[in-house]
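J.: Pasting a structure here, questions to come.
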Amino acid sequence: MSKFKLFFKWCCSGLNEIEEEKIQNANKIETFQQKNHLESQTFIQGLNPLEESSIIAAPSPHMDGNLSDSPKLQIRITESSVIQVGTVLTINPTGMENSKRNKGDFKTFIGSKHIENGEVLNDFVVEESSKGMGRQHLVIKFNQVKQKYTISDLGDGSGTFVKIDSPLPLKDGYIASFGNSHMTIHYSSAVKTLTIKFLEGPKSNEVYNFNPGEETILVGRMVDCRIRFDDNSMSRYQCSISYDENKGWILTDGMGDKKSTNGTWLFVEEDYEIYDGLIFKAGKTLFEVHVLKS
């Protein structure tokens with residue numbers, strides 16, 4: 001379990017009954033996911049061990065006629081301490097081409113660990129365990145019905161984040177990150193009051209409450225920011241939050257047409273749909289995605 005999930009549980013004390021019920025449901029889901037993961041690991045450990053020296057990068061997973069017209073992903077590494085910048089990963093619906101894992105199960109795993117208990121864990125290995133990359137850090141999946149790819153964090157490491165590059169409708173439980181700070185979002189459509197609680201950074205444990213009728217909430221280093229920081233890793237106007245009667249609370253990076261310098265990021269605890277131009281980070285490695293349509 002990542003530290004963000006632990007913080008999420010801890011910071012929710014004192015919320016109203018509706019929010020507490022949501023958290024209980026989320027915990028049930030998390031327990032179910034952990035059980036499935038444990039069962040999966042038990043199955044893996046029962047397989048015949050493979051010697052690491054005998055593993056060769058596998059050819060592209062087989063593509064049948066029904067998938068040949070499906071989109072592919074090209075993921076380019078734009079920043080990393082261990083992988084050459086410019087390295088490109090190609091992912092088709094059944095998995096990553098030249099994968100180390102080569103399962104053809106419509107999933108691509110990325111993490112710091114190559115082999116565990118004789119089984120290959122990841123399709124692509126980024127050996128940054130000391131810099132926040134989990135042993136099996138994230139997964140990219142292909143949905144055959146929707147013909148879409150999704151990305152989600154696997155709870156091991158410092159988190160998987162996507163860069164917010166357009167106005168984002170907020171959901172209860174979202175975790176946003178910028179500079180050295182992480183903040184959780186809490187609100188229900190019935191109450192509409194927005195509660196922000198900081199998990200890490202200079203405002204750790206601080207709580208802010210806002211109502212729909214208030215002015216746009218500016219976050220940054222300027223004196224007119226409702227949530228003001230003295231943090232040089234942040235922009236003067238890092239992000240803004242406003243309320244829309246039809247869409248609810250909206251988070252926007254920067255202010256107006258001017259984006260922040262280092263970005264505002266969303267923790268992807270659940271499946272997040274991948275689109276052309278998406279940027280995500282895991283550990284200290286940054287990835288840029290291009291969707292290739294047939």
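Going by the structure tokens order, chains are called A, B, ..., each with residues numbered from 1, while ligands are numbered from 1 in the order shown.
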Neighbouring residues of Ser242 of chain A were defined as those with any atom within 10 Å, considering only C-alpha atoms; residues of the same chain fewer than 3 positions away were excluded. Please report them as a list in words.

T.: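 Final neighbour list, sorted by chain and number: Pro167, Pro169, Phe210, Asn211, Pro212, Gly213, Glu214, Glu215, Thr216, Ile217, Leu218, Gly248, Trp249, Ile250, Leu251 and Thr252 of chain A.
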
J.: Using only C-alpha atoms, what does the table of segment 177-278 of chain A residues within 12 Å of segment 137-141 of chain A look like, with each row giving the shortest atom pair and its distance in Å to one decimal, sorted by chain and ascending number, as JSON lines?

T.:
{"residue": "A:Phe267", "atom": "CA", "partner": "A:Leu138", "partner_atom": "CA", "distance": 11.6}
{"residue": "A:Val268", "atom": "CA", "partner": "A:Leu138", "partner_atom": "CA", "distance": 9.5}
{"residue": "A:Glu269", "atom": "CA", "partner": "A:Leu138", "partner_atom": "CA", "distance": 9.7}
{"residue": "A:Glu270", "atom": "CA", "partner": "A:Val139", "partner_atom": "CA", "distance": 10.5}
{"residue": "A:Asp271", "atom": "CA", "partner": "A:Lys141", "partner_atom": "CA", "distance": 8.5}
{"residue": "A:Tyr272", "atom": "CA", "partner": "A:Ile140", "partner_atom": "CA", "distance": 9.4}
{"residue": "A:Glu273", "atom": "CA", "partner": "A:Lys141", "partner_atom": "CA", "distance": 9.5}
{"residue": "A:Ile274", "atom": "CA", "partner": "A:Ile140", "partner_atom": "CA", "distance": 8.9}

J.: Do you have the atom CA of Gln147 of chain A-atom CA of Val162 of chain A distance handy?

T.: 20.3 Å

J.: Could you write out, as a PyMOL selection string, all the residues of segment 193-292 of chain A that DSSP marks as strand (DSSP E)?

T.: chain A and resi 194-200+207-210+217-220+227-228+237-244+248-253+265-267+272-273+279-282+285-292

J.: May I have the selected residues written with N, CA and C atoms, as a CSV table (one decimal), in the first residue's frame?

T.:
chain,number,residue,atom,x,y,z
A,194,LEU,N,-16.4,22.2,-0.3
A,194,LEU,CA,-15.1,21.6,-0.6
A,194,LEU,C,-14.2,21.7,0.6
A,195,THR,N,-13.6,20.5,1.0
A,195,THR,CA,-12.7,20.4,2.0
A,195,THR,C,-11.3,20.0,1.5
A,196,ILE,N,-10.3,20.7,1.7
A,196,ILE,CA,-8.9,20.4,1.3
A,196,ILE,C,-8.1,20.1,2.5
A,197,LYS,N,-7.4,19.0,2.5
A,197,LYS,CA,-6.5,18.7,3.6
A,197,LYS,C,-5.1,18.3,3.1
A,198,PHE,N,-4.1,19.0,3.6
A,198,PHE,CA,-2.7,18.7,3.1
A,198,PHE,C,-2.1,17.5,3.9
A,199,LEU,N,-1.5,16.6,3.1
A,199,LEU,CA,-0.9,15.4,3.7
A,199,LEU,C,0.6,15.6,3.9
A,200,GLU,N,1.3,16.3,3.0
A,200,GLU,CA,2.7,16.5,3.1
A,200,GLU,C,3.1,17.9,2.7
A,207,VAL,N,-6.2,22.3,7.1
A,207,VAL,CA,-7.5,22.0,6.5
A,207,VAL,C,-8.1,23.3,6.0
A,208,TYR,N,-8.7,23.3,4.8
A,208,TYR,CA,-9.4,24.5,4.3
A,208,TYR,C,-10.8,24.1,3.8
A,209,ASN,N,-11.7,24.9,4.1
A,209,ASN,CA,-13.1,24.7,3.6
A,209,ASN,C,-13.6,25.8,2.8
A,210,PHE,N,-14.3,25.5,1.7
A,210,PHE,CA,-14.7,26.5,0.7
A,210,PHE,C,-16.2,26.2,0.3
A,217,ILE,N,-10.5,30.0,-6.0
A,217,ILE,CA,-9.4,29.7,-5.0
A,217,ILE,C,-8.1,29.6,-5.7
A,218,LEU,N,-7.2,30.6,-5.4
A,218,LEU,CA,-5.9,30.6,-6.0
A,218,LEU,C,-4.9,29.9,-5.1
A,219,VAL,N,-4.0,29.1,-5.6
A,219,VAL,CA,-3.0,28.4,-4.8
A,219,VAL,C,-1.6,28.8,-5.4
A,220,GLY,N,-0.7,29.2,-4.6
A,220,GLY,CA,0.6,29.6,-5.1
A,220,GLY,C,1.3,30.5,-4.1
A,227,ILE,N,-4.7,30.0,-0.7
A,227,ILE,CA,-3.8,29.1,-0.1
A,227,ILE,C,-2.4,29.5,-0.5
A,228,ARG,N,-1.7,30.1,0.4
A,228,ARG,CA,-0.4,30.7,0.0
A,228,ARG,C,0.8,29.9,0.6
A,237,TYR,N,1.4,31.4,-9.3
A,237,TYR,CA,0.1,30.8,-9.3
A,237,TYR,C,0.2,29.4,-9.8
A,238,GLN,N,0.2,28.5,-8.8
A,238,GLN,CA,0.4,27.1,-9.1
A,238,GLN,C,-0.8,26.4,-9.7
A,239,CYS,N,-2.0,26.7,-9.1
A,239,CYS,CA,-3.2,26.2,-9.6
A,239,CYS,C,-4.4,27.0,-9.1
A,240,SER,N,-5.6,26.7,-9.6
A,240,SER,CA,-6.8,27.4,-9.1
A,240,SER,C,-7.9,26.4,-9.1
A,241,ILE,N,-8.9,26.7,-8.2
A,241,ILE,CA,-10.0,25.8,-8.0
A,241,ILE,C,-11.3,26.7,-8.0
A,242,SER,N,-12.2,26.3,-8.9
A,242,SER,CA,-13.5,27.1,-9.0
A,242,SER,C,-14.7,26.1,-9.0
A,243,TYR,N,-15.9,26.7,-8.8
A,243,TYR,CA,-17.1,25.9,-8.8
A,243,TYR,C,-17.9,26.2,-10.0
A,244,ASP,N,-18.4,25.1,-10.7
A,244,ASP,CA,-19.3,25.2,-11.8
A,244,ASP,C,-20.6,24.5,-11.5
A,248,GLY,N,-19.4,20.9,-11.1
A,248,GLY,CA,-18.9,20.8,-9.7
A,248,GLY,C,-17.6,21.6,-9.6
A,249,TRP,N,-16.8,21.1,-8.6
A,249,TRP,CA,-15.5,21.8,-8.4
A,249,TRP,C,-14.5,21.4,-9.5
A,250,ILE,N,-13.8,22.4,-10.0
A,250,ILE,CA,-12.8,22.2,-11.1
A,250,ILE,C,-11.4,22.7,-10.7
A,251,LEU,N,-10.4,21.8,-10.9
A,251,LEU,CA,-9.0,22.1,-10.6
A,251,LEU,C,-8.3,22.4,-12.0
A,252,THR,N,-7.6,23.6,-12.0
A,252,THR,CA,-6.9,24.0,-13.2
A,252,THR,C,-5.5,24.3,-12.9
A,253,ASP,N,-4.6,23.8,-13.7
A,253,ASP,CA,-3.1,24.1,-13.4
A,253,ASP,C,-2.9,25.5,-13.8
A,265,TRP,N,-0.3,17.7,-10.4
A,265,TRP,CA,-0.4,16.3,-10.8
A,265,TRP,C,-1.5,15.6,-10.0
A,266,LEU,N,-2.1,14.6,-10.6
A,266,LEU,CA,-3.1,13.8,-10.0
A,266,LEU,C,-2.7,12.4,-9.8
A,267,PHE,N,-2.8,11.9,-8.5
A,267,PHE,CA,-2.5,10.6,-8.2
A,267,PHE,C,-3.5,9.6,-8.8
A,272,TYR,N,-7.3,5.3,-15.0
A,272,TYR,CA,-7.4,6.6,-15.6
A,272,TYR,C,-7.2,6.5,-17.1
A,273,GLU,N,-8.1,7.0,-17.8
A,273,GLU,CA,-8.1,6.8,-19.3
A,273,GLU,C,-6.9,7.6,-19.9
A,279,ILE,N,1.0,13.0,-20.0
A,279,ILE,CA,2.4,12.9,-19.3
A,279,ILE,C,2.1,12.3,-17.9
A,280,PHE,N,2.9,11.3,-17.6
A,280,PHE,CA,2.8,10.7,-16.2
A,280,PHE,C,4.2,10.5,-15.7
A,281,LYS,N,4.3,10.4,-14.4
A,281,LYS,CA,5.5,10.1,-13.7
A,281,LYS,C,5.4,9.0,-12.7
A,282,ALA,N,6.5,8.3,-12.5
A,282,ALA,CA,6.6,7.2,-11.5
A,282,ALA,C,8.0,7.2,-11.0
A,285,THR,N,11.1,9.1,-12.9
A,285,THR,CA,11.0,9.0,-14.4
A,285,THR,C,9.7,9.6,-14.9
A,286,LEU,N,9.9,10.4,-16.0
A,286,LEU,CA,8.7,11.0,-16.7
A,286,LEU,C,8.5,10.3,-18.0
A,287,PHE,N,7.2,10.1,-18.3
A,287,PHE,CA,6.8,9.4,-19.6
A,287,PHE,C,5.8,10.3,-20.3
A,288,GLU,N,5.9,10.3,-21.7
A,288,GLU,CA,5.0,11.0,-22.5
A,288,GLU,C,4.3,10.0,-23.5
A,289,VAL,N,3.0,10.1,-23.5
A,289,VAL,CA,2.3,9.1,-24.3
A,289,VAL,C,1.7,9.6,-25.6
A,290,HIS,N,1.9,8.8,-26.7
A,290,HIS,CA,1.2,9.2,-28.0
A,290,HIS,C,0.4,8.0,-28.4
A,291,VAL,N,-0.9,8.3,-28.7
A,291,VAL,CA,-1.8,7.2,-29.1
A,291,VAL,C,-1.8,7.1,-30.6
A,292,LEU,N,-1.4,5.9,-31.1
A,292,LEU,CA,-1.3,5.7,-32.6
A,292,LEU,C,-2.6,5.0,-33.1
